[in-house]
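The structure appears right after this line, and notes come after that.
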Amino acid sequence: MSLFEVEHLTRVYATGRRRVLALDDVSLTVERGQRLGIVGESGSGKSTLIRLMASLDKPTSGTVRFDGRVVSGVPERDLGFLRASVQLVLQDPRSSLNPRMRVGSIVAEPLRSPLIRRERRQVDQRARVREVLDAVGLPADSADRYPHEFSGGQRQRIAIARALAPSPEVLIADEAVSALDVSVRAQVLNLLMGLVDDLGLTLLFVSHDLAVVRHVCPDAVVMQAGRIVESGPTQRLFSAPEHPYTARLVAAIPAFRSRS
């Protein structure tokens, strides 16, 4: 059984008389332990798709199943199993980390959620915070400091530590390195890949950058205008893209342009 099963997912946003088709009849499966890239330019539907998969929004039509259980349209009170199992790392840690909270409280935040506590055995929160801070390469005394005392790359490590705190099965990284300086981007990517491998996690890696996805994910889907236009092994998407949009994404990568 696939870990995620997405069937004919559609999402329409309506503002007054204006309707925006953000997701158009999307179907895909994600296997346990898979590292899947979701690629496309801004407005292609990537973030809408992962929000629906994480049940942070409700589809207009279609179904999302996680581990065989329907999660689309399910009341929040019944989603403890999903909240414990699926965690997100977002694009900008400056906006996703509360500047008024110390890092230890931020990292422990998921462990205080009643939904997650119902699904996970009780843990020593301080010990777990130390454990995940160590896993992302930050010293234990980071717990007593505030987010503004850290660099952008370190703040993203804090966000990753928070996502790891409840021992999830799935990490969803939504443009998780796009706001970082080039000098630290590779460090955070390598950290993320190492953690996914060491902990046996499933990774959904959302990016507009096909070159980054190639580095992280063996498989990818390419989205345009709310639809999946191509999918398959990432290496094949690079070497022999079948859809014109995928070919344009590949051609836009500087290293590929310089070869032509």
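Order determines the names: the first chain of the structure tokens is A, the second B, and so forth; residues in each chain are numbered 1 upward, and ligands are numbered 1 upward as they are shown.
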
What lies within 9 Å of Ile158 in chain A using only C-alpha atoms, ignoring chain neighbours under 6 positions off, as an NGL selection string? :A and (93 or 97 or 103 or 106-107 or 132-133 or 136 or 138 or 147)

With a distance cut-off of 8 Å and only C-alpha atoms, select the neighbouring residues of range 163-172 of chain A, excluding the residue or stretch itself and same-chain residues fewer than 6 positions from it, and output the selection as a PyMOL selection string. chain A and resi 50+84-89+107-108+110-111+116+120+128-129+132+200-206

Take the selection from the previous step and output its residues with C-alpha atoms, as a JSON list (two decimals), in the first residue's frame.
```json
[["chain", "number", "residue", "atom", "x", "y", "z"],
["A", 50, "ILE", "CA", 1.18, 19.74, -0.48],
["A", 84, "ALA", "CA", 2.08, 13.17, 14.32],
["A", 85, "SER", "CA", 3.28, 11.53, 11.11],
["A", 86, "VAL", "CA", 3.65, 14.44, 8.67],
["A", 87, "GLN", "CA", 5.65, 17.58, 9.43],
["A", 88, "LEU", "CA", 6.50, 20.60, 7.28],
["A", 89, "VAL", "CA", 9.61, 22.71, 6.84],
["A", 107, "VAL", "CA", 11.26, 23.01, 18.94],
["A", 108, "ALA", "CA", 9.05, 21.45, 21.63],
["A", 110, "PRO", "CA", 4.65, 19.97, 18.33],
["A", 111, "LEU", "CA", 5.13, 17.85, 21.46],
["A", 116, "ILE", "CA", 0.09, 14.68, 18.62],
["A", 120, "ARG", "CA", 2.79, 9.55, 20.48],
["A", 128, "ARG", "CA", 13.96, 15.41, 23.01],
["A", 129, "VAL", "CA", 14.80, 19.05, 22.27],
["A", 132, "VAL", "CA", 16.96, 16.97, 17.77],
["A", 200, "GLY", "CA", 14.21, 6.33, 7.17],
["A", 201, "LEU", "CA", 11.85, 9.20, 6.39],
["A", 202, "THR", "CA", 9.70, 9.83, 3.34],
["A", 203, "LEU", "CA", 10.51, 13.22, 1.78],
["A", 204, "LEU", "CA", 8.36, 15.48, -0.37],
["A", 205, "PHE", "CA", 10.67, 18.20, -1.64],
["A", 206, "VAL", "CA", 8.93, 21.16, -3.28]]
```

Using DSSP secondary structure from the backbone, list all strand (DSSP E) positions within range 46-207 of chain A, as a ChimeraX atom specification. /A:61-66,69-70,86-89,170-174,202-207

Neighbouring residues of range 19-31 of chain A were defined as those with any atom within 8 Å, considering only C-alpha atoms; residues of the same chain fewer than 3 positions away were excluded. Please report them as an MDAnalysis selection string. chainID A and resid 1:16 34 36 43:45 48:49 62 202 225:228

For the structure I just gave you, how does DSSP split range 60-147 of chain A - specifically, which residues are alpha helix (DSSP H)? Reply as a ChimeraX atom specification. /A:80-85,93-96,103-108,114-119,125-135

Would you save the residues from that selection as a PDB file, in the first residue's frame, using C-alpha atoms?
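So the final result, stored in selection.pdb, reads:
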```
ATOM      1  CA  GLY A  80      -3.936  13.372  15.173  1.00  0.00           C
ATOM      2  CA  PHE A  81      -2.390  10.422  13.321  1.00  0.00           C
ATOM      3  CA  LEU A  82      -1.577  12.701  10.368  1.00  0.00           C
ATOM      4  CA  ARG A  83      -0.229  15.575  12.479  1.00  0.00           C
ATOM      5  CA  ALA A  84       2.083  13.167  14.320  1.00  0.00           C
ATOM      6  CA  SER A  85       3.282  11.528  11.112  1.00  0.00           C
ATOM      7  CA  PRO A  93      12.349  30.471   8.933  1.00  0.00           C
ATOM      8  CA  ARG A  94      12.098  34.144   9.901  1.00  0.00           C
ATOM      9  CA  SER A  95       8.324  34.012   9.472  1.00  0.00           C
ATOM     10  CA  SER A  96       7.801  30.415  10.635  1.00  0.00           C
ATOM     11  CA  VAL A 103      14.329  28.028  20.591  1.00  0.00           C
ATOM     12  CA  GLY A 104      13.682  25.230  23.089  1.00  0.00           C
ATOM     13  CA  SER A 105       9.990  26.160  23.285  1.00  0.00           C
ATOM     14  CA  ILE A 106       9.769  26.454  19.504  1.00  0.00           C
ATOM     15  CA  VAL A 107      11.256  23.007  18.944  1.00  0.00           C
ATOM     16  CA  ALA A 108       9.046  21.452  21.633  1.00  0.00           C
ATOM     17  CA  PRO A 114      -3.000  17.547  22.177  1.00  0.00           C
ATOM     18  CA  LEU A 115      -3.519  15.842  18.804  1.00  0.00           C
ATOM     19  CA  ILE A 116       0.093  14.682  18.617  1.00  0.00           C
ATOM     20  CA  ARG A 117       0.289  13.741  22.300  1.00  0.00           C
ATOM     21  CA  ARG A 118      -2.668  11.423  21.751  1.00  0.00           C
ATOM     22  CA  GLU A 119      -0.746   9.558  19.043  1.00  0.00           C
ATOM     23  CA  GLN A 125      10.507  17.267  26.184  1.00  0.00           C
ATOM     24  CA  ARG A 126      13.808  18.765  27.286  1.00  0.00           C
ATOM     25  CA  ALA A 127      15.688  15.589  26.394  1.00  0.00           C
ATOM     26  CA  ARG A 128      13.957  15.412  23.014  1.00  0.00           C
ATOM     27  CA  VAL A 129      14.798  19.054  22.272  1.00  0.00           C
ATOM     28  CA  ARG A 130      18.469  18.399  23.056  1.00  0.00           C
ATOM     29  CA  GLU A 131      18.372  15.290  20.879  1.00  0.00           C
ATOM     30  CA  VAL A 132      16.961  16.967  17.770  1.00  0.00           C
ATOM     31  CA  LEU A 133      19.114  20.097  18.158  1.00  0.00           C
ATOM     32  CA  ASP A 134      22.143  17.812  18.197  1.00  0.00           C
ATOM     33  CA  ALA A 135      20.792  15.981  15.130  1.00  0.00           C
TER      34      ALA A 135
END
```

Could you list, as a list in words, every residue within 12 Å of Ala240 in chain A, counting only C-alpha atoms and ignoring same-chain residues fewer than 6 positions away?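 Using only C-alpha atoms, the neighbours found are Glu230, Ser231, Gly232, Pro233, Thr234, Thr246, Ala247, Arg248, Val250 and Ala251 of chain A.
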
Save out the residues we just selected, N, CA and C atoms, as a compact mmCIF listing (two decimals), in the first residue's frame.
```
# COMPACT_ATOMS: atom_id res chain seq x y z
N GLU A 230 4.42 15.92 -16.23
CA GLU A 230 5.41 14.87 -16.47
C GLU A 230 5.88 14.33 -15.13
N SER A 231 6.24 13.06 -15.09
CA SER A 231 6.77 12.46 -13.87
C SER A 231 7.72 11.34 -14.25
N GLY A 232 8.59 10.98 -13.30
CA GLY A 232 9.51 9.89 -13.56
C GLY A 232 10.81 10.08 -12.83
N PRO A 233 11.82 9.24 -13.11
CA PRO A 233 13.14 9.42 -12.50
C PRO A 233 13.71 10.79 -12.85
N THR A 234 14.26 11.48 -11.87
CA THR A 234 14.77 12.82 -12.09
C THR A 234 15.85 12.85 -13.16
N THR A 246 8.89 20.85 -19.22
CA THR A 246 10.05 20.28 -18.53
C THR A 246 11.33 20.65 -19.27
N ALA A 247 11.29 20.58 -20.60
CA ALA A 247 12.47 20.94 -21.40
C ALA A 247 12.87 22.40 -21.15
N ARG A 248 11.88 23.28 -21.00
CA ARG A 248 12.19 24.69 -20.73
C ARG A 248 12.82 24.86 -19.35
N VAL A 250 14.64 22.64 -17.77
CA VAL A 250 16.01 22.14 -17.87
C VAL A 250 16.89 23.15 -18.60
N ALA A 251 16.39 23.72 -19.69
CA ALA A 251 17.17 24.68 -20.47
C ALA A 251 17.46 25.95 -19.69
```

With distances taken over only C-alpha atoms, which of A:Asp198, A:Arg214, A:Ala186, A:Arg155 is nearest to Ser239 in chain A?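 Closest to Ser239 in chain A, using only C-alpha atoms: A:Arg214.
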
Distance CA of Leu249 in chain A-CA of Val216 in chain A, one decimal place? 16.8 Å

Rounded to one decimal in Å, what is the spacing between CA of Arg236 in chain A and CA of Asp181 in chain A?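 Value for the CA of Arg236 in chain A-CA of Asp181 in chain A distance: 28.6 Å.
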
Let me make sure I understand: among A:Ala161, A:Leu210, A:Met53, A:Val196, which one has the smallest atom-to-atom distance to Gly37 in chain A if we use only C-alpha atoms?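 Distance minimum relative to Gly37 in chain A lands on A:Leu210.
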